[in-house]
file model.pdb (PDB, C-alpha atoms)
ATOM      1  CA  MET A 126      62.858-126.278 129.354
ATOM      2  CA  SER A 127      63.911-124.601 126.111
ATOM      3  CA  THR A 128      62.350-121.644 124.367
ATOM      4  CA  LEU A 129      62.301-120.592 120.728
ATOM      5  CA  ILE A 130      61.289-117.027 119.993
ATOM      6  CA  VAL A 131      60.169-116.478 116.414
ATOM      7  CA  ILE A 132      60.534-113.051 114.857
ATOM      8  CA  ASP A 133      58.547-112.759 111.628
ATOM      9  CA  GLN A 134      58.045-108.986 111.634
ATOM     10  CA  PRO A 135      60.350-106.528 109.825
ATOM     11  CA  PRO A 136      62.906-104.513 111.817
ATOM     12  CA  TYR A 137      62.096-100.969 113.025
ATOM     13  CA  GLY A 138      58.409-101.214 112.075
ATOM     14  CA  THR A 139      56.972-101.793 115.539
ATOM     15  CA  TRP A 140      58.220-102.232 119.095
ATOM     16  CA  ALA A 141      57.010-105.837 119.237
ATOM     17  CA  GLY A 142      60.282-107.211 117.930
ATOM     18  CA  ARG A 143      62.386-105.319 120.435
ATOM     19  CA  GLU A 144      60.170-106.626 123.195
ATOM     20  CA  ALA A 145      60.817-110.146 121.934
ATOM     21  CA  LEU A 146      64.529-109.436 122.076
ATOM     22  CA  ASP A 147      64.180-108.151 125.665
ATOM     23  CA  MET A 148      62.368-111.347 126.540
ATOM     24  CA  ALA A 149      65.128-113.461 125.003
ATOM     25  CA  PHE A 150      67.779-111.532 126.935
ATOM     26  CA  SER A 151      65.818-111.857 130.182
ATOM     27  CA  LEU A 152      65.505-115.630 129.774
ATOM     28  CA  ALA A 153      69.214-115.848 129.019
ATOM     29  CA  ALA A 154      69.958-113.757 132.116
ATOM     30  CA  PHE A 155      68.407-116.536 134.215
ATOM     31  CA  ASP A 156      70.314-119.203 132.289
ATOM     32  CA  GLN A 157      67.206-120.473 130.517
ATOM     33  CA  SER A 158      67.907-122.027 127.146
ATOM     34  CA  VAL A 159      66.589-119.607 124.537
ATOM     35  CA  SER A 160      67.075-119.391 120.778
ATOM     36  CA  LEU A 161      65.815-117.030 118.086
ATOM     37  CA  LEU A 162      64.337-117.902 114.709
ATOM     38  CA  PHE A 163      63.915-115.228 112.044
ATOM     39  CA  THR A 164      61.374-115.893 109.304
ATOM     40  CA  GLY A 165      59.586-113.885 106.597
ATOM     41  CA  ALA A 166      60.442-110.185 106.654
ATOM     42  CA  GLY A 167      61.993-110.839 110.076
ATOM     43  CA  VAL A 168      65.225-112.059 108.432
ATOM     44  CA  ASN A 169      65.997-108.427 107.665
ATOM     45  CA  TRP A 170      66.892-107.991 111.341
ATOM     46  CA  LEU A 171      70.092-109.847 110.519
ATOM     47  CA  ARG A 172      71.412-107.717 107.665
ATOM     48  CA  LYS A 173      74.824-106.116 108.169
ATOM     49  CA  SER A 174      75.599-102.364 107.937
ATOM     50  CA  GLN A 175      72.377-100.925 109.316
ATOM     51  CA  LYS A 176      72.891 -97.166 109.670
ATOM     52  CA  THR A 177      70.149 -95.767 111.853
ATOM     53  CA  ASP A 178      71.214 -92.138 112.425
ATOM     54  CA  GLY A 179      68.511 -90.910 110.051
ATOM     55  CA  ILE A 180      65.625 -92.620 111.849
ATOM     56  CA  GLU A 181      66.751 -91.917 115.409
ATOM     57  CA  GLN A 182      66.539 -95.499 116.600
ATOM     58  CA  LYS A 183      69.209 -97.778 118.020
ATOM     59  CA  SER A 184      70.693-100.207 115.526
ATOM     60  CA  ILE A 185      68.944-103.565 115.724
ATOM     61  CA  GLU A 186      72.020-105.147 114.196
ATOM     62  CA  LYS A 187      74.170-103.852 117.065
ATOM     63  CA  ASN A 188      71.605-104.745 119.738
ATOM     64  CA  LEU A 189      71.290-108.229 118.323
ATOM     65  CA  SER A 190      75.039-108.761 118.231
ATOM     66  CA  ALA A 191      74.945-108.842 122.057
ATOM     67  CA  ALA A 192      72.800-112.002 121.997
ATOM     68  CA  PRO A 193      75.676-114.529 122.094
ATOM     69  CA  ILE A 194      77.372-112.552 124.899
ATOM     70  CA  PHE A 195      74.223-112.719 127.015
ATOM     71  CA  GLY A 196      73.953-116.457 126.449
ATOM     72  CA  VAL A 197      71.292-116.730 123.746
ATOM     73  CA  LYS A 198      71.907-120.284 122.473
ATOM     74  CA  ALA A 199      71.389-119.962 118.741
ATOM     75  CA  MET A 200      70.057-117.686 116.014
ATOM     76  CA  PHE A 201      68.442-119.244 112.965
ATOM     77  CA  ALA A 202      67.347-117.645 109.702
ATOM     78  CA  GLU A 203      64.809-119.361 107.468
ATOM     79  CA  ALA A 204      66.473-120.296 104.184
ATOM     80  CA  SER A 205      63.612-119.352 101.835
ATOM     81  CA  ALA A 206      63.183-115.910 103.434
ATOM     82  CA  CYS A 207      66.933-115.294 103.164
ATOM     83  CA  ALA A 208      66.805-116.177  99.473
ATOM     84  CA  ARG A 209      63.855-113.842  98.922
ATOM     85  CA  TYR A 210      65.660-110.928 100.584
ATOM     86  CA  GLY A 211      69.089-111.605  99.089
ATOM     87  CA  LEU A 212      70.625-112.561 102.432
ATOM     88  CA  THR A 213      73.569-114.928 102.693
ATOM     89  CA  ILE A 214      75.969-115.865 105.478
ATOM     90  CA  GLU A 215      78.265-113.117 104.113
ATOM     91  CA  ASN A 216      75.888-110.191 104.497
ATOM     92  CA  MET A 217      74.302-111.371 107.735
ATOM     93  CA  LEU A 218      75.364-110.943 111.339
ATOM     94  CA  ALA A 219      78.054-113.377 112.506
ATOM     95  CA  GLY A 220      76.856-116.505 114.256
ATOM     96  CA  VAL A 221      73.582-116.978 112.386
ATOM     97  CA  ALA A 222      72.729-120.462 111.122
ATOM     98  CA  ILE A 223      70.506-120.926 108.085
ATOM     99  CA  ALA A 224      67.572-123.248 108.738
ATOM    100  CA  GLU A 225      66.435-125.155 105.655
ATOM    101  CA  ASN A 226      63.280-126.386 107.308
ATOM    102  CA  SER A 227      62.128-123.971 109.951
ATOM    103  CA  SER A 228      58.823-125.719 110.614
ATOM    104  CA  ASN A 229      60.846-128.649 111.943
ATOM    105  CA  LEU A 230      62.563-126.312 114.378
ATOM    106  CA  LEU A 231      59.250-125.187 115.856
ATOM    107  CA  HIS A 232      58.662-128.677 117.195
ATOM    108  CA  GLN A 233      62.008-129.073 118.880
ATOM    109  CA  TYR A 234      61.464-126.643 121.759
ATOM    110  CA  SER A 235      59.359-127.033 124.868
ATOM    111  CA  HIS A 236      57.994-123.568 124.245
ATOM    112  CA  THR A 237      57.822-121.670 120.960
ATOM    113  CA  ALA A 238      56.501-118.111 120.923
ATOM    114  CA  PHE A 239      55.883-115.765 118.020
ATOM    115  CA  SER A 240      56.613-112.091 118.619
ATOM    116  CA  GLY A 241      54.193-109.291 117.766
TER     117      GLY A 241
ATOM    118  CA  MET B 141      86.733 -74.699 139.387
ATOM    119  CA  ALA B 142      83.909 -73.406 137.257
ATOM    120  CA  ASP B 143      84.918 -75.376 134.154
ATOM    121  CA  LEU B 144      84.660 -78.682 136.017
ATOM    122  CA  GLU B 145      81.036 -78.476 136.951
ATOM    123  CA  THR B 146      79.159 -81.753 136.648
ATOM    124  CA  PRO B 147      76.931 -81.731 133.546
ATOM    125  CA  ALA B 148      73.160 -82.044 133.921
ATOM    126  CA  ARG B 149      71.940 -85.385 135.233
ATOM    127  CA  ASN B 150      68.457 -86.863 135.539
ATOM    128  CA  ASN B 151      66.678 -87.762 138.766
ATOM    129  CA  GLU B 152      68.569 -91.068 138.922
ATOM    130  CA  GLY B 153      71.929 -89.453 138.327
ATOM    131  CA  PHE B 154      72.395 -90.478 134.683
ATOM    132  CA  LEU B 155      73.834 -87.879 132.312
ATOM    133  CA  GLU B 156      71.223 -86.013 130.306
ATOM    134  CA  ASN B 157      73.657 -85.705 127.404
ATOM    135  CA  ALA B 158      76.013 -88.659 126.895
ATOM    136  CA  HIS B 159      78.395 -86.485 124.871
ATOM    137  CA  GLU B 160      79.298 -84.543 127.993
ATOM    138  CA  TRP B 161      81.040 -87.566 129.494
ATOM    139  CA  THR B 162      84.764 -87.335 130.171
ATOM    140  CA  PRO B 163      86.951 -89.285 132.613
ATOM    141  CA  GLU B 164      86.806 -86.230 134.912
ATOM    142  CA  VAL B 165      83.017 -86.283 134.814
ATOM    143  CA  ALA B 166      83.147 -89.992 135.682
ATOM    144  CA  SER B 167      85.249 -89.231 138.756
ATOM    145  CA  MET B 168      82.792 -86.558 139.854
ATOM    146  CA  ILE B 169      79.770 -88.819 139.452
ATOM    147  CA  ALA B 170      81.615 -91.542 141.384
ATOM    148  CA  GLU B 171      82.564 -89.162 144.180
ATOM    149  CA  ALA B 172      78.925 -88.229 144.614
ATOM    150  CA  ASP B 173      78.384 -91.978 145.234
ATOM    151  CA  GLN B 174      81.363 -92.069 147.652
ATOM    152  CA  ILE B 175      83.399 -94.112 145.190
ATOM    153  CA  SER B 176      86.998 -93.239 144.492
ATOM    154  CA  LEU B 177      87.895 -94.606 141.062
ATOM    155  CA  GLY B 178      90.931 -96.870 140.848
ATOM    156  CA  GLU B 179      92.426 -99.027 138.122
ATOM    157  CA  LYS B 180      89.875-101.809 138.699
ATOM    158  CA  HIS B 181      87.008 -99.377 138.243
ATOM    159  CA  TRP B 182      88.478 -97.941 135.070
ATOM    160  CA  GLU B 183      88.853-101.390 133.561
ATOM    161  CA  ILE B 184      85.100-101.946 133.944
ATOM    162  CA  ILE B 185      84.219 -98.411 132.809
ATOM    163  CA  GLU B 186      86.292 -98.875 129.681
ATOM    164  CA  PHE B 187      84.682-102.269 129.087
ATOM    165  CA  LEU B 188      81.210-100.708 129.376
ATOM    166  CA  ARG B 189      81.998 -97.888 126.972
ATOM    167  CA  ILE B 190      83.301-100.350 124.374
ATOM    168  CA  PHE B 191      80.253-102.545 124.964
ATOM    169  CA  TYR B 192      77.974 -99.587 124.307
ATOM    170  CA  SER B 193      79.756 -98.586 121.120
ATOM    171  CA  LYS B 194      79.428-102.159 119.793
ATOM    172  CA  HIS B 195      75.880-102.889 120.886
ATOM    173  CA  GLU B 196      74.197 -99.475 121.333
ATOM    174  CA  MET B 197      72.778-100.565 124.657
ATOM    175  CA  SER B 198      73.756-100.834 128.294
ATOM    176  CA  PRO B 199      73.670-104.390 129.653
ATOM    177  CA  PRO B 200      69.929-104.454 130.450
ATOM    178  CA  SER B 201      70.164-106.022 133.913
ATOM    179  CA  ASN B 202      72.630-106.800 136.653
ATOM    180  CA  ARG B 203      72.828-110.460 135.683
ATOM    181  CA  LEU B 204      73.553-109.600 132.062
ATOM    182  CA  PHE B 205      76.146-107.040 133.179
ATOM    183  CA  VAL B 206      77.942-109.793 135.116
ATOM    184  CA  LYS B 207      77.667-112.158 132.135
ATOM    185  CA  ALA B 208      79.035-109.602 129.716
ATOM    186  CA  VAL B 209      81.978-108.762 131.990
ATOM    187  CA  LYS B 210      82.703-112.466 132.441
ATOM    188  CA  GLU B 211      82.644-113.011 128.688
ATOM    189  CA  ALA B 212      85.062-110.130 128.095
ATOM    190  CA  LEU B 213      87.345-110.136 131.137
ATOM    191  CA  GLY B 214      87.015-113.598 132.646
ATOM    192  CA  GLU B 215      85.530-115.063 135.803
ATOM    193  CA  ASP B 216      87.774-113.119 138.212
ATOM    194  CA  ARG B 217      85.991-109.919 137.273
ATOM    195  CA  GLY B 218      82.772-111.280 135.873
ATOM    196  CA  ASN B 219      81.212-112.204 139.192
ATOM    197  CA  SER B 220      78.676-110.302 141.219
ATOM    198  CA  ILE B 221      80.738-110.014 144.416
ATOM    199  CA  TYR B 222      83.673-108.385 142.626
ATOM    200  CA  LEU B 223      81.421-105.959 140.776
ATOM    201  CA  MET B 224      79.349-105.253 143.895
ATOM    202  CA  GLN B 225      82.505-104.256 145.774
ATOM    203  CA  LEU B 226      83.583-101.888 143.011
ATOM    204  CA  PHE B 227      80.145-100.463 142.268
ATOM    205  CA  PRO B 228      77.939-100.717 145.362
ATOM    206  CA  GLY B 229      74.156-100.677 145.168
ATOM    207  CA  THR B 230      72.997-102.204 141.903
ATOM    208  CA  PRO B 231      76.369-102.656 140.174
ATOM    209  CA  ALA B 232      75.023-102.386 136.611
ATOM    210  CA  LYS B 233      73.208 -99.179 137.447
ATOM    211  CA  THR B 234      76.075 -97.636 139.416
ATOM    212  CA  ALA B 235      78.689 -98.583 136.809
ATOM    213  CA  CYS B 236      76.624 -97.386 133.827
ATOM    214  CA  ARG B 237      75.922 -94.109 135.593
ATOM    215  CA  ILE B 238      79.635 -93.517 136.131
ATOM    216  CA  ALA B 239      80.541 -94.694 132.615
ATOM    217  CA  GLY B 240      78.094 -92.198 131.072
ATOM    218  CA  LEU B 241      75.817 -94.873 129.597
ATOM    219  CA  PRO B 242      72.007 -94.906 129.598
ATOM    220  CA  ARG B 243      70.213 -96.502 132.522
ATOM    221  CA  PRO B 244      70.005-100.308 132.189
ATOM    222  CA  THR B 245      66.424-100.938 131.092
ATOM    223  CA  ASN B 246      65.592-103.801 133.442
ATOM    224  CA  CYS B 247      67.239-102.575 136.652
ATOM    225  CA  LEU B 248      64.634-101.560 139.209
TER     226      LEU B 248
ATOM    227  CA  MET C 134      59.989 -83.130  86.165
ATOM    228  CA  LYS C 135      57.370 -85.252  84.480
ATOM    229  CA  PRO C 136      54.014 -85.400  86.199
ATOM    230  CA  ILE C 137      53.031 -88.495  88.113
ATOM    231  CA  ALA C 138      49.560 -89.896  87.468
ATOM    232  CA  THR C 139      49.216 -91.605  90.823
ATOM    233  CA  LEU C 140      51.814 -91.667  93.575
ATOM    234  CA  HIS C 141      51.512 -94.814  95.663
ATOM    235  CA  ILE C 142      52.952 -94.299  99.136
ATOM    236  CA  LEU C 143      53.601 -97.661 100.752
ATOM    237  CA  ASN C 144      54.936 -98.255 104.277
ATOM    238  CA  LYS C 145      54.090-101.955 104.681
ATOM    239  CA  ALA C 146      56.572-104.841 104.428
ATOM    240  CA  PRO C 147      56.364-106.983 101.270
ATOM    241  CA  GLU C 148      54.643-109.739 103.293
ATOM    242  CA  HIS C 149      51.744-107.451 104.178
ATOM    243  CA  SER C 150      48.573-108.025 102.207
ATOM    244  CA  ARG C 151      48.266-104.317 101.483
ATOM    245  CA  SER C 152      51.699-104.354  99.866
ATOM    246  CA  VAL C 153      50.560-107.103  97.525
ATOM    247  CA  GLU C 154      47.436-105.079  96.746
ATOM    248  CA  CYS C 155      49.529-101.972  96.058
ATOM    249  CA  MET C 156      51.818-103.781  93.593
ATOM    250  CA  ARG C 157      48.753-105.072  91.735
ATOM    251  CA  SER C 158      47.348-101.556  91.427
ATOM    252  CA  LEU C 159      50.353 -99.940  89.758
ATOM    253  CA  ARG C 160      49.669 -98.504  86.303
ATOM    254  CA  ALA C 161      51.976 -97.081  83.649
ATOM    255  CA  GLY C 162      52.892 -93.516  84.581
ATOM    256  CA  ASP C 163      52.458 -94.141  88.287
ATOM    257  CA  ALA C 164      55.235 -93.809  90.812
ATOM    258  CA  LEU C 165      55.853 -95.854  93.934
ATOM    259  CA  LEU C 166      57.285 -94.281  97.069
ATOM    260  CA  LEU C 167      58.542 -96.759  99.653
ATOM    261  CA  THR C 168      58.905 -95.730 103.287
ATOM    262  CA  GLU C 169      59.519 -97.554 106.593
ATOM    263  CA  SER C 170      59.196-101.360 106.284
ATOM    264  CA  ALA C 171      58.175-101.075 102.619
ATOM    265  CA  VAL C 172      61.768-100.253 101.620
ATOM    266  CA  LEU C 173      62.564-103.940 102.197
ATOM    267  CA  ALA C 174      60.962-104.544  98.805
ATOM    268  CA  ILE C 175      64.086-103.263  97.061
ATOM    269  CA  ALA C 176      65.981-106.320  98.331
ATOM    270  CA  THR C 177      63.443-108.566  96.569
ATOM    271  CA  THR C 178      62.379-108.996  92.959
ATOM    272  CA  ASP C 179      58.929-107.523  93.706
ATOM    273  CA  VAL C 180      59.444-104.000  92.391
ATOM    274  CA  HIS C 181      61.140-104.255  89.033
ATOM    275  CA  ASP C 182      58.308-103.124  86.807
ATOM    276  CA  PRO C 183      59.962-100.939  84.112
ATOM    277  CA  ASN C 184      56.801 -98.816  83.783
ATOM    278  CA  THR C 185      56.927 -97.585  87.338
ATOM    279  CA  THR C 186      59.495 -95.262  88.859
ATOM    280  CA  VAL C 187      60.427 -96.421  92.331
ATOM    281  CA  TYR C 188      61.458 -93.979  95.049
ATOM    282  CA  ALA C 189      62.521 -94.901  98.557
ATOM    283  CA  LEU C 190      63.125 -92.803 101.638
ATOM    284  CA  LYS C 191      66.876 -92.721 102.106
ATOM    285  CA  ALA C 192      66.906 -92.745 105.927
ATOM    286  CA  ASP C 193      64.771 -95.896 105.964
ATOM    287  CA  VAL C 194      66.952 -97.599 103.335
ATOM    288  CA  LEU C 195      70.158 -96.843 105.240
ATOM    289  CA  ALA C 196      68.682 -97.942 108.576
ATOM    290  CA  ARG C 197      67.990-101.380 107.114
ATOM    291  CA  GLY C 198      71.419-101.718 105.517
ATOM    292  CA  LEU C 199      69.922-101.756 102.005
ATOM    293  CA  ASP C 200      72.087 -99.159 100.237
ATOM    294  CA  ASP C 201      73.677-101.904  98.107
ATOM    295  CA  CYS C 202      70.247-102.939  96.814
ATOM    296  CA  ALA C 203      69.220 -99.447  95.760
ATOM    297  CA  SER C 204      70.759 -99.271  92.274
ATOM    298  CA  GLU C 205      67.375 -99.205  90.502
ATOM    299  CA  THR C 206      65.693 -97.054  93.108
ATOM    300  CA  HIS C 207      65.715 -93.278  93.479
ATOM    301  CA  LEU C 208      66.607 -92.453  97.044
ATOM    302  CA  VAL C 209      64.860 -89.356  98.362
ATOM    303  CA  ASP C 210      65.074 -87.279 101.523
ATOM    304  CA  PHE C 211      62.129 -85.657 103.288
ATOM    305  CA  PRO C 212      62.022 -82.439 101.194
ATOM    306  CA  ALA C 213      62.174 -84.483  97.951
ATOM    307  CA  MET C 214      59.352 -86.613  99.266
ATOM    308  CA  VAL C 215      57.234 -83.500  99.706
ATOM    309  CA  ASP C 216      58.082 -82.448  96.118
ATOM    310  CA  LEU C 217      56.908 -85.837  94.853
ATOM    311  CA  THR C 218      53.572 -85.481  96.563
ATOM    312  CA  ALA C 219      53.212 -82.044  94.954
ATOM    313  CA  GLN C 220      53.925 -83.480  91.484
ATOM    314  CA  ALA C 221      51.336 -86.202  91.722
ATOM    315  CA  GLN C 222      47.832 -85.782  90.401
ATOM    316  CA  ASN C 223      46.561 -88.419  92.798
ATOM    317  CA  ILE C 224      48.005 -90.026  95.870
ATOM    318  CA  ILE C 225      47.207 -93.367  97.414
ATOM    319  CA  SER C 226      48.576 -93.945 100.909
ATOM    320  CA  TRP C 227      48.581 -97.689 101.409
TER     321      TRP C 227
END
call {"tool": "encode", "arguments": {"input": "model.pdb", "output": "structure tokens"}}
result
Amino acid sequence: MSTLIVIDQPPYGTWAGREALDMAFSLAAFDQSVSLLFTGAGVNWLRKSQKTDGIEQKSIEKNLSAAPIFGVKAMFAEASACARYGLTIENMLAGVAIAENSSNLLHQYSHTAFSG
Amino acid sequence: MADLETPARNNEGFLENAHEWTPEVASMIAEADQISLGEKHWEIIEFLRIFYSKHEMSPPSNRLFVKAVKEALGEDRGNSIYLMQLFPGTPAKTACRIAGLPRPTNCL
Amino acid sequence: MKPIATLHILNKAPEHSRSVECMRSLRAGDALLLTESAVLAIATTDVHDPNTTVYALKADVLARGLDDCASETHLVDFPAMVDLTAQAQNIISW
């Protein structure tokens, strides 16, 4: 049993994405294999140096950086979305792999769920 | 001592204002739980405060608390029996309360 | 400050259909004010029309780590945002 959670919504816009993250952490807590795929505007979750004091929300970047510690298997970012938003390995969170063909990924998990 | 009064806490004993936390406050919160803080407790408290500054969240559940401690401090400390002995009840909840962190979101 | 014909206030991410619609509706002399998820547009090539002045809410830009992308964008705070709305003859909230 392996799960892929797909985040295609931008950060901070709605609570749906944070709920997806909670779900990923909960699966990891019970040692279920879970990975995250960021596509579309969702890749912006991964950008470094988010400074959230002005919007009174917790930093998604910092929350997300706990994923490997909690046992989330992998984090993927769709290559074309990264290119569109000027994201590279250098300005993204550590530990993210760029997925050239994300639609292939969707078929490799026993359960794939889109957030939001 | 009037200047060592415990700052305001919510109905579950978590600090209303995280900025009011000091090591002395931690000791007072622990005492109210009949815990006398020793070196082993402080190691975990310090770990939790660093964890919060890096990730802006408390470990959301007991299991993830144990995992995070194991990742940072090894298996000797990152196991539920060890943490249960130090922080009775729900260890994540008890430890976060003493460390001045917000309540873990998934601890009932 | 020069008057703004129409101020377009957009809070939708570039992927949103309404964002696409908004970009298509921009005319010379208009200004675009990006807030919330819409500020992500400054990381893309979507908003580089020389005829339109682009403003973005600073708090939302900083939250998303986009300060490095903001060289062609005027960052505004809340009071400046209110001033912009006062300068505009018309406002469209997308």
call {"tool": "axis_aligned_box", "arguments": {"input": "model.pdb", "around": "stretch 147-155 of chain A", "padding_each_side": "6 Å", "output": "AutoDock Vina command-line options"}}
result
--center_x 66.2 --center_y -112.3 --center_z 129.6 --size_x 19.6 --size_y 20.4 --size_z 21.2
call {"tool": "resolve_selection", "arguments": {"input": "model.pdb", "expression": "the PyMOL selection byres ((chain C) within 7 of (chain A))", "output": "list in words"}}
result
Ala146, Glu148, Glu169, Ser170, Ala176, Thr177, Ala192, Asp193, Leu195, Ala196, Arg197 and Gly198 of chain C
call {"tool": "interface_residues", "arguments": {"input": "model.pdb", "of": "chain B", "to": "chain A", "cutoff": "7 Å", "atoms": "only C-alpha atoms", "output": "PyMOL selection string"}}
result
chain B and resi 194-197+203-204+207-208+211
call {"tool": "atom_distance", "arguments": {"input": "model.pdb", "atom1": "atom CA of A:Ile223", "atom2": "atom CA of A:Ala202"}}
result
4.8 Å
call {"tool": "atom_distance", "arguments": {"input": "model.pdb", "atom1": "atom CA of B:Leu155", "atom2": "atom CA of B:Cys236"}}
result
10.0 Å
call {"tool": "resolve_selection", "arguments": {"input": "model.pdb", "expression": "the PyMOL selection byres ((chain C and resi 165) around 7)", "output": "count of residues only"}}
result
11
call {"tool": "resolve_selection", "arguments": {"input": "model.pdb", "expression": "the PyMOL selection byres ((chain C and resi 136) around 10)", "output": "PyMOL selection string"}}
result
chain C and resi 134-135+137-140+162-164+217+219-222
call {"tool": "residues_around", "arguments": {"input": "model.pdb", "residues": "C:Leu208", "least_positions_apart": "4", "cutoff": "7 Å", "atoms": "only C-alpha atoms", "output": "ChimeraX atom specification"}}
result
/C:188-191
call {"tool": "atom_distance", "arguments": {"input": "model.pdb", "atom1": "atom CA of B:Ser193", "atom2": "atom CA of B:Glu171"}}
result
25.1 Å
call {"tool": "closest_residue", "arguments": {"input": "model.pdb", "among": "B:Cys247, B:Gly218, B:Leu241, B:Leu223", "to": "B:Glu160", "atoms": "all atoms listed in the file"}}
result
B:Leu241
call {"tool": "closest_residue", "arguments": {"input": "model.pdb", "among": "A:Val197, A:Ser160, A:Val131, A:Ala206", "to": "C:Pro147", "atoms": "all atoms listed in the file"}}
result
A:Ala206
call {"tool": "closest_residue", "arguments": {"input": "model.pdb", "among": "A:Val159, A:Leu218, A:Trp140, A:Ala145", "to": "A:Tyr234", "atoms": "all atoms listed in the file"}}
result
A:Val159
call {"tool": "decode", "arguments": {"input": "model.pdb", "residues": "stretch 162-176 of chain B", "atoms": "N, CA, C and O atoms", "output": "compact mmCIF listing (two decimals), in the first residue's frame"}}
result
# COMPACT_ATOMS: atom_id res chain seq x y z
N THR B 162 9.85 30.74 29.95
CA THR B 162 11.24 30.77 30.40
C THR B 162 11.49 29.40 31.03
O THR B 162 10.54 28.67 31.32
N PRO B 163 12.74 29.03 31.25
CA PRO B 163 13.00 27.76 31.94
C PRO B 163 12.29 27.68 33.30
O PRO B 163 11.79 26.61 33.67
N GLU B 164 12.18 28.82 33.99
CA GLU B 164 11.50 28.82 35.29
C GLU B 164 10.02 28.50 35.11
O GLU B 164 9.43 27.76 35.89
N VAL B 165 9.43 29.09 34.07
CA VAL B 165 8.02 28.81 33.79
C VAL B 165 7.85 27.32 33.49
O VAL B 165 6.90 26.68 33.95
N ALA B 166 8.79 26.76 32.72
CA ALA B 166 8.73 25.33 32.42
C ALA B 166 8.69 24.50 33.70
O ALA B 166 7.87 23.58 33.85
N SER B 167 9.56 24.84 34.65
CA SER B 167 9.61 24.10 35.90
C SER B 167 8.28 24.20 36.66
O SER B 167 7.82 23.22 37.23
N MET B 168 7.67 25.38 36.59
CA MET B 168 6.40 25.56 37.30
C MET B 168 5.28 24.76 36.65
O MET B 168 4.46 24.15 37.34
N ILE B 169 5.25 24.76 35.31
CA ILE B 169 4.22 23.98 34.62
C ILE B 169 4.42 22.49 34.94
O ILE B 169 3.47 21.76 35.22
N ALA B 170 5.69 22.06 34.94
CA ALA B 170 5.99 20.65 35.23
C ALA B 170 5.57 20.28 36.64
O ALA B 170 4.96 19.22 36.86
N GLU B 171 5.87 21.16 37.59
CA GLU B 171 5.51 20.88 38.98
C GLU B 171 4.02 20.68 39.14
O GLU B 171 3.57 19.80 39.88
N ALA B 172 3.25 21.49 38.41
CA ALA B 172 1.79 21.34 38.47
C ALA B 172 1.37 19.96 37.97
O ALA B 172 0.31 19.46 38.31
N ASP B 173 2.21 19.34 37.14
CA ASP B 173 1.96 17.97 36.65
C ASP B 173 2.71 16.93 37.49
O ASP B 173 2.85 15.78 37.08
N GLN B 174 3.24 17.35 38.64
CA GLN B 174 4.04 16.46 39.50
C GLN B 174 5.27 15.90 38.80
O GLN B 174 5.64 14.75 38.97
N ILE B 175 5.87 16.73 37.94
CA ILE B 175 7.11 16.32 37.29
C ILE B 175 8.23 17.25 37.76
O ILE B 175 8.07 18.47 37.72
N SER B 176 9.32 16.65 38.22
CA SER B 176 10.46 17.46 38.59
C SER B 176 11.49 17.35 37.47
O SER B 176 11.98 16.26 37.15
